[in-house]
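Q: Pasting protein-v5.txt below, which is compact mmCIF, C-alpha atoms and all ligand atoms.
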# COMPACT_ATOMS: atom_id res chain seq x y z
CA MET B 1 117.14 86.91 76.91
CA ALA B 2 118.02 87.11 80.59
CA VAL B 3 121.70 87.68 81.30
CA GLN B 4 122.52 87.24 84.93
CA THR B 5 126.11 86.11 85.16
CA ILE B 6 128.92 88.61 84.83
CA ASP B 7 132.67 88.70 85.01
CA LEU B 8 133.54 91.07 87.81
CA THR B 9 137.27 90.57 87.70
CA ARG B 10 137.80 93.88 85.91
CA GLY B 11 136.44 95.79 88.82
CA LEU B 12 137.25 93.75 91.90
CA PRO B 13 138.91 95.41 94.90
CA GLY B 14 142.62 95.63 94.38
CA GLY B 15 142.05 95.72 90.63
CA ALA B 16 139.61 98.61 91.03
CA THR B 17 140.10 101.29 88.44
CA THR B 18 139.50 105.00 88.81
CA SER B 19 138.73 105.59 85.13
CA PRO B 20 135.40 107.33 84.31
CA LEU B 21 132.48 104.97 84.36
CA ALA B 22 131.58 103.63 80.92
CA ASP B 23 129.83 100.57 79.65
CA ALA B 24 131.16 97.96 77.22
CA PHE B 25 130.12 100.22 74.31
CA ALA B 26 132.06 103.22 75.63
CA ARG B 27 128.95 105.15 76.67
CA PRO B 28 129.75 107.24 79.75
CA ILE B 29 127.42 106.33 82.61
CA THR B 30 126.78 109.33 84.83
CA TYR B 31 123.11 109.05 85.75
CA LEU B 32 121.39 106.78 88.26
CA ARG B 33 117.64 106.59 88.70
CA VAL B 34 116.79 105.44 92.20
CA SER B 35 113.36 103.96 92.84
CA VAL B 36 112.48 104.44 96.51
CA THR B 37 109.19 102.51 96.40
CA ASP B 38 107.09 100.47 93.99
CA ARG B 39 103.87 101.78 95.59
CA CYS B 40 101.77 104.59 94.26
CA ASN B 41 98.79 106.77 95.15
CA LEU B 42 97.53 106.69 91.54
CA ARG B 43 96.75 103.83 89.16
CA CYS B 44 97.53 105.20 85.70
CA THR B 45 96.03 102.81 83.17
CA TYR B 46 99.25 102.54 81.14
CA CYS B 47 101.32 101.78 84.23
CA MET B 48 99.57 99.54 86.73
CA PRO B 49 96.33 97.65 87.29
CA GLU B 50 93.50 99.13 89.32
CA ALA B 51 94.19 96.75 92.21
CA GLY B 52 97.86 97.71 92.26
CA LEU B 53 100.84 95.43 91.71
CA PRO B 54 102.01 92.50 93.82
CA TRP B 55 103.92 94.95 96.05
CA ILE B 56 107.45 94.17 97.11
CA PRO B 57 107.43 93.07 100.79
CA LYS B 58 108.59 95.93 103.05
CA ALA B 59 111.53 93.90 104.34
CA GLU B 60 112.93 93.70 100.80
CA ILE B 61 112.81 97.45 100.19
CA LEU B 62 116.13 99.21 100.66
CA SER B 63 116.38 101.48 103.68
CA PHE B 64 117.57 105.05 103.13
CA GLU B 65 120.89 104.12 104.70
CA GLU B 66 121.30 101.24 102.22
CA ILE B 67 120.42 103.52 99.29
CA GLU B 68 122.95 106.04 100.57
CA ARG B 69 125.71 103.41 100.65
CA ILE B 70 124.95 102.26 97.12
CA VAL B 71 124.84 105.84 95.81
CA ALA B 72 128.16 106.60 97.52
CA ALA B 73 129.66 103.62 95.66
CA ALA B 74 128.04 104.75 92.40
CA ALA B 75 129.45 108.25 92.91
CA ALA B 76 132.90 106.82 93.53
CA ALA B 77 132.52 104.96 90.22
CA GLY B 78 131.56 108.14 88.37
CA VAL B 79 127.82 108.72 88.72
CA ARG B 80 127.04 112.44 89.06
CA SER B 81 123.24 112.76 88.78
CA ILE B 82 120.57 111.05 90.83
CA ARG B 83 116.88 111.00 90.01
CA LEU B 84 114.51 109.76 92.71
CA THR B 85 111.54 107.92 91.28
CA GLY B 86 109.17 105.04 91.99
CA GLY B 87 106.28 104.08 92.11
CA GLU B 88 105.48 107.45 93.58
CA PRO B 89 108.54 108.60 95.53
CA LEU B 90 106.59 111.06 97.68
CA VAL B 91 104.57 108.27 99.31
CA ARG B 92 107.79 107.23 101.03
CA ARG B 93 107.94 109.00 104.39
CA ASP B 94 110.59 111.68 104.97
CA LEU B 95 112.03 111.63 101.47
CA ALA B 96 113.76 114.93 102.27
CA SER B 97 116.11 113.16 104.68
CA LEU B 98 117.25 110.90 101.82
CA VAL B 99 117.75 113.92 99.56
CA ARG B 100 119.86 115.58 102.27
CA ALA B 101 122.02 112.47 102.71
CA LEU B 102 122.54 111.99 98.96
CA ALA B 103 123.33 115.68 98.43
CA ALA B 104 126.19 115.33 100.92
CA ILE B 105 127.88 112.52 98.95
CA PRO B 106 131.05 113.77 97.22
CA GLY B 107 130.65 113.66 93.45
CA ILE B 108 126.84 113.89 93.42
CA ASP B 109 126.07 117.29 91.95
CA ASP B 110 122.50 116.95 90.76
CA ILE B 111 119.48 115.49 92.55
CA SER B 112 116.11 115.49 90.85
CA LEU B 113 112.71 113.93 91.41
CA SER B 114 110.07 112.32 89.18
CA THR B 115 106.65 112.62 90.76
CA ASN B 116 102.98 112.54 89.91
CA GLY B 117 102.78 115.82 91.84
CA LEU B 118 99.92 114.90 94.19
CA LEU B 119 101.98 115.39 97.35
CA LEU B 120 104.42 117.91 95.94
CA ALA B 121 102.95 121.16 97.25
CA GLU B 122 103.25 120.03 100.86
CA HIS B 123 106.83 118.74 100.55
CA VAL B 124 108.56 120.89 97.96
CA ALA B 125 110.06 123.47 100.33
CA GLU B 126 111.71 120.87 102.57
CA LEU B 127 112.91 118.93 99.52
CA ARG B 128 114.49 122.04 98.02
CA ASP B 129 116.10 122.94 101.35
CA ALA B 130 117.48 119.40 101.52
CA GLY B 131 119.19 119.80 98.14
CA LEU B 132 116.66 118.89 95.46
CA ARG B 133 117.46 120.83 92.29
CA ARG B 134 114.93 119.78 89.68
CA VAL B 135 111.58 118.11 89.38
CA ASN B 136 109.74 116.24 86.62
CA ILE B 137 106.00 116.12 87.09
CA SER B 138 103.74 113.68 85.26
CA LEU B 139 100.60 115.22 83.85
CA ASP B 140 98.69 113.60 81.00
CA THR B 141 95.70 115.91 80.72
CA LEU B 142 94.46 119.38 81.63
CA HIS B 143 90.88 118.13 82.15
CA ALA B 144 89.82 116.96 85.63
CA ASP B 145 87.46 114.25 84.37
CA ARG B 146 90.07 112.80 82.04
CA PHE B 147 92.62 112.87 84.81
CA GLU B 148 90.34 110.66 86.85
CA THR B 149 89.87 108.30 83.90
CA ILE B 150 93.59 108.01 83.18
CA ALA B 151 94.85 107.91 86.78
CA ARG B 152 91.76 106.08 88.08
CA ARG B 153 91.73 108.61 90.94
CA PRO B 154 91.02 112.33 91.12
CA GLY B 155 93.84 114.81 91.56
CA LEU B 156 94.29 117.37 88.77
CA GLU B 157 93.94 120.33 91.14
CA ARG B 158 96.59 118.94 93.47
CA VAL B 159 99.01 118.35 90.60
CA LEU B 160 98.49 121.90 89.34
CA ALA B 161 99.09 123.15 92.90
CA GLY B 162 102.27 121.07 92.94
CA ILE B 163 103.47 122.70 89.72
CA ASP B 164 102.81 126.16 91.18
CA ALA B 165 104.55 125.26 94.44
CA ALA B 166 107.61 123.88 92.62
CA THR B 167 107.75 127.05 90.53
CA ALA B 168 107.50 129.22 93.65
CA ALA B 169 110.24 127.13 95.27
CA GLY B 170 112.52 127.97 92.36
CA LEU B 171 112.83 124.43 90.96
CA VAL B 172 112.65 125.77 87.40
CA PRO B 173 112.51 124.92 84.62
CA ILE B 174 110.01 122.21 85.45
CA LYS B 175 109.62 119.31 83.05
CA LEU B 176 106.12 117.92 82.59
CA ASN B 177 105.93 114.34 81.34
CA CYS B 178 102.85 113.54 79.31
CA VAL B 179 102.11 110.05 77.96
CA ILE B 180 100.08 110.51 74.79
CA MET B 181 97.32 108.00 74.03
CA ARG B 182 95.13 107.99 70.95
CA GLY B 183 91.52 108.75 71.70
CA VAL B 184 92.36 109.59 75.31
CA ASN B 185 94.47 112.77 75.34
CA ASP B 186 96.04 113.14 71.89
CA ASP B 187 93.77 116.11 71.24
CA GLU B 188 95.66 118.04 73.97
CA LEU B 189 99.08 118.22 72.28
CA LEU B 190 98.59 121.85 71.29
CA ASP B 191 96.88 122.84 74.56
CA PHE B 192 100.00 121.69 76.38
CA ALA B 193 102.13 123.62 73.89
CA GLU B 194 100.15 126.79 74.65
CA LEU B 195 100.97 126.37 78.36
CA THR B 196 104.63 126.91 77.59
CA ARG B 197 104.25 130.42 76.15
CA ASP B 198 104.30 132.23 79.46
CA ARG B 199 105.53 129.59 81.92
CA ALA B 200 108.99 128.02 82.26
CA LEU B 201 107.56 124.57 81.57
CA TYR B 202 109.18 121.98 79.34
CA VAL B 203 106.39 119.62 78.33
CA ARG B 204 107.69 116.27 77.07
CA PHE B 205 105.31 114.05 75.16
CA ILE B 206 106.19 110.40 75.63
CA GLU B 207 105.23 107.41 73.52
CA MET B 208 103.28 104.86 75.54
CA MET B 209 105.67 102.01 76.13
CA PRO B 210 104.48 98.42 76.07
CA VAL B 211 104.30 96.83 79.51
CA VAL B 212 102.16 93.98 80.78
CA GLU B 213 99.67 96.37 82.28
CA ASN B 214 98.74 98.08 79.01
CA ALA B 215 99.05 95.06 76.71
CA GLY B 216 95.38 95.22 75.74
CA GLU B 217 95.50 98.77 74.46
CA GLN B 218 98.98 99.06 73.00
CA THR B 219 98.17 99.08 69.33
CA ASP B 220 94.93 101.08 69.66
CA ARG B 221 96.34 103.78 71.91
CA TYR B 222 99.94 104.10 70.71
CA VAL B 223 100.88 107.39 69.03
CA SER B 224 104.39 107.52 67.56
CA ALA B 225 106.80 110.37 68.25
CA ALA B 226 106.85 111.05 64.50
CA GLU B 227 103.10 111.58 64.48
CA MET B 228 103.28 113.82 67.56
CA LEU B 229 106.00 115.92 65.91
CA ALA B 230 103.94 116.26 62.74
CA ARG B 231 100.88 117.36 64.68
CA ILE B 232 102.84 119.86 66.79
CA GLY B 233 104.46 121.15 63.61
CA GLU B 234 101.04 122.09 62.27
CA ARG B 235 100.86 124.91 64.82
CA GLU B 236 102.26 128.04 63.28
CA GLY B 237 105.25 129.52 65.08
CA LEU B 238 106.63 126.45 66.82
CA GLU B 239 110.33 126.21 65.96
CA PRO B 240 112.99 123.64 66.94
CA VAL B 241 115.04 124.81 69.95
CA ALA B 242 117.68 123.48 72.30
CA GLY B 243 116.33 121.78 75.41
CA PRO B 244 116.85 122.87 78.99
CA GLY B 245 119.89 120.61 79.46
CA GLY B 246 119.69 117.81 81.96
CA ASN B 247 119.78 114.17 81.07
CA GLY B 248 116.84 113.76 78.77
CA PRO B 249 116.81 112.56 75.17
CA ALA B 250 113.93 114.86 74.11
CA ARG B 251 113.77 117.06 70.98
CA TYR B 252 112.16 120.45 71.72
CA PHE B 253 110.07 123.10 69.91
CA ALA B 254 109.05 126.55 71.15
CA PHE B 255 107.05 129.59 70.19
CA PRO B 256 109.24 132.69 69.64
CA GLY B 257 109.81 134.39 73.00
CA ALA B 258 108.16 131.57 74.96
CA LEU B 259 109.46 130.82 78.45
CA GLY B 260 109.11 127.07 77.95
CA ALA B 261 108.98 124.51 75.15
CA VAL B 262 107.40 121.23 74.11
CA GLY B 263 109.40 118.13 73.33
CA VAL B 264 108.97 114.56 72.21
CA ILE B 265 110.63 111.48 73.65
CA SER B 266 110.72 108.28 71.68
CA PRO B 267 111.88 105.49 74.00
CA LEU B 268 111.08 102.86 71.41
CA SER B 269 113.49 104.40 68.91
CA HIS B 270 117.08 103.28 68.96
CA ASP B 271 118.43 106.86 68.92
CA TYR B 272 117.54 106.77 72.58
CA CYS B 273 119.88 103.83 73.18
CA ASP B 274 122.85 105.43 71.39
CA THR B 275 123.13 108.14 74.01
CA CYS B 276 121.92 106.16 77.01
CA ASN B 277 123.90 107.31 80.04
CA ARG B 278 121.72 105.79 82.73
CA VAL B 279 121.22 102.82 84.96
CA ARG B 280 118.52 102.15 87.55
CA LEU B 281 118.37 101.00 91.14
CA THR B 282 115.09 99.27 91.94
CA ALA B 283 113.36 99.71 95.29
CA ASP B 284 114.47 96.20 96.25
CA GLY B 285 118.10 96.80 95.44
CA ARG B 286 118.65 95.47 91.92
CA LEU B 287 120.87 97.48 89.62
CA ARG B 288 119.08 97.40 86.27
CA LEU B 289 121.26 98.10 83.29
CA CYS B 290 118.46 98.63 80.77
CA LEU B 291 114.84 99.59 81.17
CA PHE B 292 113.86 96.66 78.98
CA GLY B 293 114.95 93.06 79.35
CA ASP B 294 116.28 91.44 82.50
CA TYR B 295 119.82 92.74 82.72
CA HIS B 296 120.42 93.27 86.39
CA ILE B 297 122.63 92.51 89.35
CA ASP B 298 121.61 92.20 92.98
CA LEU B 299 123.12 94.86 95.22
CA ARG B 300 120.85 94.29 98.23
CA THR B 301 122.49 91.03 99.25
CA PRO B 302 126.02 92.48 99.35
CA VAL B 303 124.92 95.74 100.96
CA ARG B 304 123.13 93.80 103.71
CA ALA B 305 126.12 91.50 104.11
CA GLY B 306 128.24 94.52 104.98
CA ALA B 307 130.09 95.06 101.68
CA SER B 308 132.54 97.95 101.80
CA ARG B 309 132.23 100.97 99.54
CA ASP B 310 135.08 99.64 97.37
CA GLU B 311 133.34 96.29 97.00
CA LEU B 312 130.06 97.94 96.06
CA GLU B 313 131.87 100.21 93.62
CA ALA B 314 133.46 97.16 92.01
CA LEU B 315 130.08 95.48 91.66
CA PHE B 316 128.67 98.66 90.19
CA ARG B 317 131.48 98.93 87.65
CA GLY B 318 131.15 95.25 86.85
CA GLY B 319 127.46 95.73 86.17
CA MET B 320 128.31 98.07 83.30
CA LEU B 321 129.68 95.07 81.41
CA ILE B 322 126.20 93.64 80.97
CA LYS B 323 124.52 96.86 79.93
CA PRO B 324 123.17 95.94 76.49
CA GLU B 325 123.95 98.07 73.46
CA ARG B 326 120.28 98.61 72.71
CA HIS B 327 116.90 97.25 73.61
CA HIS B 328 114.99 95.12 71.13
CA LEU B 329 111.57 96.17 72.16
CA GLN B 330 108.95 96.80 69.54
CA LEU B 331 105.38 97.83 69.87
CA GLY B 332 103.07 94.92 70.61
CA GLU B 333 105.90 92.41 70.66
CA ALA B 334 107.19 92.63 74.21
CA GLY B 335 104.16 93.56 76.23
CA SER B 336 103.86 90.11 77.66
CA ARG B 337 107.31 90.13 79.21
CA MET B 338 107.46 93.67 80.54
CA ARG B 339 106.54 94.53 84.11
CA ALA B 340 105.30 97.94 85.14
CA PHE B 341 107.78 100.80 85.27
CA SER B 342 107.15 101.23 88.94
CA GLU B 343 108.47 97.74 89.57
CA ILE B 344 111.61 98.21 87.52
CA GLY B 345 112.52 101.68 88.68
CA GLY B 346 110.80 103.91 86.15
N1 LIG B 401 105.06 108.16 89.90
C1 LIG B 401 106.00 109.06 89.32
C2 LIG B 401 105.43 109.70 88.07
O1 LIG B 401 104.36 109.28 87.62
O2 LIG B 401 106.07 110.63 87.58
C3 LIG B 401 107.36 108.45 89.00
C4 LIG B 401 107.36 107.05 88.43
S1 LIG B 401 106.59 106.88 86.86
C5 LIG B 401 106.77 105.15 86.59
C6 LIG B 401 107.80 107.66 85.80
C7 LIG B 401 107.31 108.05 84.46
O3 LIG B 401 107.07 106.88 83.71
C8 LIG B 401 106.04 108.87 84.43
O4 LIG B 401 106.26 110.05 83.69
C9 LIG B 401 105.06 107.97 83.72
O5 LIG B 401 104.15 108.72 82.94
C10 LIG B 401 105.97 107.12 82.87
N2 LIG B 401 105.38 105.86 82.46
C11 LIG B 401 104.88 104.88 83.23
N3 LIG B 401 104.43 103.85 82.48
C12 LIG B 401 104.67 104.21 81.18
C13 LIG B 401 104.43 103.58 79.93
N4 LIG B 401 103.87 102.38 79.84
N5 LIG B 401 104.82 104.24 78.81
C14 LIG B 401 105.40 105.46 78.89
N6 LIG B 401 105.65 106.10 80.03
C15 LIG B 401 105.28 105.48 81.18
FE1 LIG B 402 101.87 105.89 89.74
FE2 LIG B 402 103.63 107.19 88.20
FE3 LIG B 402 102.69 104.72 87.52
FE4 LIG B 402 101.03 106.77 87.43
S1 LIG B 402 102.91 106.52 86.19
S2 LIG B 402 100.59 104.76 88.36
S3 LIG B 402 101.74 108.01 89.07
S4 LIG B 402 103.98 105.21 89.26
Starting from the file, lay out its structure as structure tokens.
A:
Amino acid sequence: MAVQTIDLTRGLPGGATTSPLADAFARPITYLRVSVTDRCNLRCTYCMPEAGLPWIPKAEILSFEEIERIVAAAAAAGVRSIRLTGGEPLVRRDLASLVRALAAIPGIDDISLSTNGLLLAEHVAELRDAGLRRVNISLDTLHADRFETIARRPGLERVLAGIDAATAAGLVPIKLNCVIMRGVNDDELLDFAELTRDRALYVRFIEMMPVVENAGEQTDRYVSAAEMLARIGEREGLEPVAGPGGNGPARYFAFPGALGAVGVISPLSHDYCDTCNRVRLTADGRLRLCLFGDYHIDLRTPVRAGASRDELEALFRGGMLIKPERHHLQLGEAGSRMRAFSEIGG
């Protein structure tokens, strides 16, 4: 059900409150994912069609200055962590200048990046110098031919170079995100686990979520977190451990003495919703309150109309009132009404 009208009176200027940001269910909201583009240099089968998406017109994409103003308002409301994402954020020119501007905003104490890693090696030093602290890299396979099948473009070597470059730049521990698909890469669960013995890598296996783009293969390809955990558990020596901190809802396992760990994320489970501390800003300036469903408010119109920081903060706080308690997505059921992650600020 789309919910698009909200009562902003609680947060309007004059009535603005300085209490910590929380939603209507008392979950503290401290984390904002900022999509800087919906475009991408890969075409992962579970994410977007081979021909790409109907891209957002350039004029509708927020400028860095507009993003900076919205993040300043979010920080004033209580947001502390920013994750830059997309589409592929590194296809946006001069991302480091945005990182530098966001790092200077009072209250923002953590800036991270989600990337497919293709362009990481060439940009990681300037990103770190600008204030980037952490990076999540997507990697679904350790085989070059499979990479090309899944991403519909070659690139494994460049991603591996990106991981090395991020390690050398000190952005550790690095989280690797790996979408597991039956018959495609589910035989690599333990190979990824082995990678974590002598590298500070936190590999997170993610259930394939139903979006329009993967509707045809949802039931065939889907592997549940429970099944992944059972299969990882078969490997002798892997024990449950605490994760590396950060904002993720993953459960982790490690070999004794290992530098890294493997984890499982189950976005379809409702445990995920109970601790949800995040909201999303899409590349075209919508504040999305939940990954699933159409709970959003438009921030681009007010930011372009010259709204003050207090006014934007009030809108941001007001948005929390429509953050739903939980999503109602189930495998197979919602594929037809989900758009790709890259459109909604994955
Ligand atoms: N392009 C960057 C990347 O791939 O890391 C950032 C954006 S991407 C949309 C963010 C994450 O969403 C990636 O880890 C990707 O694997 C994941 N993702 C995209 N579509 C998904 C789906 N249908 N199910 C599960 N994860 C998905
Ligand atoms: Fe691009 Fe990331 Fe989607 Fe793959 S998952 S197509 S890299 S946005």
Q: Taking all atoms listed in the file into account, report as a ChimeraX atom specification which residues have an atom no farther than 8 Å from an atom of ligand LIG 401 (chain B).
A: /B:40,42,44,46-48,85-89,114-117,136-140,176-179,206-211,213-214,340-342,345-346
Q: With C-alpha atoms kept, could you save the residues just selected as a CSV table (one decimal), in the coordinates of the input?
A:
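Written out: again-v8.csv:
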chain,number,residue,atom,x,y,z
B,40,CYS,CA,101.8,104.6,94.3
B,42,LEU,CA,97.5,106.7,91.5
B,44,CYS,CA,97.5,105.2,85.7
B,46,TYR,CA,99.2,102.5,81.1
B,47,CYS,CA,101.3,101.8,84.2
B,48,MET,CA,99.6,99.5,86.7
B,85,THR,CA,111.5,107.9,91.3
B,86,GLY,CA,109.2,105.0,92.0
B,87,GLY,CA,106.3,104.1,92.1
B,88,GLU,CA,105.5,107.4,93.6
B,89,PRO,CA,108.5,108.6,95.5
B,114,SER,CA,110.1,112.3,89.2
B,115,THR,CA,106.6,112.6,90.8
B,116,ASN,CA,103.0,112.5,89.9
B,117,GLY,CA,102.8,115.8,91.8
B,136,ASN,CA,109.7,116.2,86.6
B,137,ILE,CA,106.0,116.1,87.1
B,138,SER,CA,103.7,113.7,85.3
B,139,LEU,CA,100.6,115.2,83.8
B,140,ASP,CA,98.7,113.6,81.0
B,176,LEU,CA,106.1,117.9,82.6
B,177,ASN,CA,105.9,114.3,81.3
B,178,CYS,CA,102.8,113.5,79.3
B,179,VAL,CA,102.1,110.0,78.0
B,206,ILE,CA,106.2,110.4,75.6
B,207,GLU,CA,105.2,107.4,73.5
B,208,MET,CA,103.3,104.9,75.5
B,209,MET,CA,105.7,102.0,76.1
B,210,PRO,CA,104.5,98.4,76.1
B,211,VAL,CA,104.3,96.8,79.5
B,213,GLU,CA,99.7,96.4,82.3
B,214,ASN,CA,98.7,98.1,79.0
B,340,ALA,CA,105.3,97.9,85.1
B,341,PHE,CA,107.8,100.8,85.3
B,342,SER,CA,107.2,101.2,88.9
B,345,GLY,CA,112.5,101.7,88.7
B,346,GLY,CA,110.8,103.9,86.2
Q: Between atom CA of B:Leu32 and atom CA of B:Lys323, what distance in Å does the model show, to one decimal?
A: 13.3 Å
Q: Compare B:Ser35, B:Thr45, B:Ser112, B:Ser266 by their minimum atom-to-atom distance to B:Glu227, counting all atoms listed in the file, and give me the closest one.
A: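 Selected residue with least distance to B:Glu227: B:Ser266.
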Q: Looking at all atoms listed in the file, which of B:Thr167, B:Asn277, B:Ser308, B:Asn41 is the one that sits closest to ligand LIG 402 (chain B)?
A: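 With all atoms listed in the file as the atom set, the closest residue is B:Asn41.
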Q: How many Å separate atom CA of B:Phe25 from atom CA of B:Leu289?
A: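 Pair atom CA of B:Phe25 / atom CA of B:Leu289 returns 12.8 Å.
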Q: Just the number, please: distance in Å from atom CA of B:Ala254 to atom CA of B:Arg204, one decimal.
A: 11.9 Å
Q: Mind listing whatever residues come within 9 Å of the point (127.2, 109.8, 94.6)? Use only C-alpha atoms, file coordinates, and give them as a CSV table (one decimal) with C-alpha atoms, keeping the file's coordinate frame.
A:
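For reference, point-v4.csv as written:
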chain,number,residue,atom,x,y,z
B,68,GLU,CA,123.0,106.0,100.6
B,69,ARG,CA,125.7,103.4,100.6
B,70,ILE,CA,125.0,102.3,97.1
B,71,VAL,CA,124.8,105.8,95.8
B,72,ALA,CA,128.2,106.6,97.5
B,73,ALA,CA,129.7,103.6,95.7
B,74,ALA,CA,128.0,104.8,92.4
B,75,ALA,CA,129.4,108.2,92.9
B,76,ALA,CA,132.9,106.8,93.5
B,77,ALA,CA,132.5,105.0,90.2
B,78,GLY,CA,131.6,108.1,88.4
B,79,VAL,CA,127.8,108.7,88.7
B,80,ARG,CA,127.0,112.4,89.1
B,81,SER,CA,123.2,112.8,88.8
B,82,ILE,CA,120.6,111.0,90.8
B,102,LEU,CA,122.5,112.0,99.0
B,103,ALA,CA,123.3,115.7,98.4
B,104,ALA,CA,126.2,115.3,100.9
B,105,ILE,CA,127.9,112.5,99.0
B,106,PRO,CA,131.0,113.8,97.2
B,107,GLY,CA,130.6,113.7,93.4
B,108,ILE,CA,126.8,113.9,93.4
B,109,ASP,CA,126.1,117.3,92.0
Q: From the options B:Lys58, B:Arg317, B:Arg153, B:Arg33, which residue's atoms come nearest to ligand LIG 402 (chain B), counting all atoms listed in the file?
A: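 Looking at the shortest contact to ligand LIG 402 (chain B), the residue is B:Arg153.
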Q: Using all atoms listed in the file, which of B:Ala51, B:Leu291, B:Ala193, B:Ala101 sits nearest B:Arg231?
A: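 Comparing B:Ala51, B:Leu291, B:Ala193, B:Ala101 against B:Arg231, the winner is B:Ala193.
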Q: For ligand LIG 402 (chain B), which residue out of B:Arg152, B:Arg197, B:Arg128, B:Arg304 is the nearest one, using all atoms listed in the file?
A: B:Arg152
Q: Tell me which of B:Asp110, B:Asp164, B:Asp23, B:Glu239 sits closest to B:Met320, counting only C-alpha atoms.
A: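 Looking at the shortest contact to B:Met320, the residue is B:Asp23.
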Q: If we count only C-alpha atoms and set the cut-off at 8 Å, which residues sit around B:Arg158, ignoring sequence neighbours fewer than 6 positions away in its own chain? Please answer as a ChimeraX atom specification.
A: /B:117-119,121
Q: So that I can see what lies close to B:Leu189, please list as a PyMOL selection string the residues with an atom at most 9 Å from it, counting only C-alpha atoms and leaving out residues fewer than 5 positions away in the same chain.
A: chain B and resi 180+194+205+228+231-232
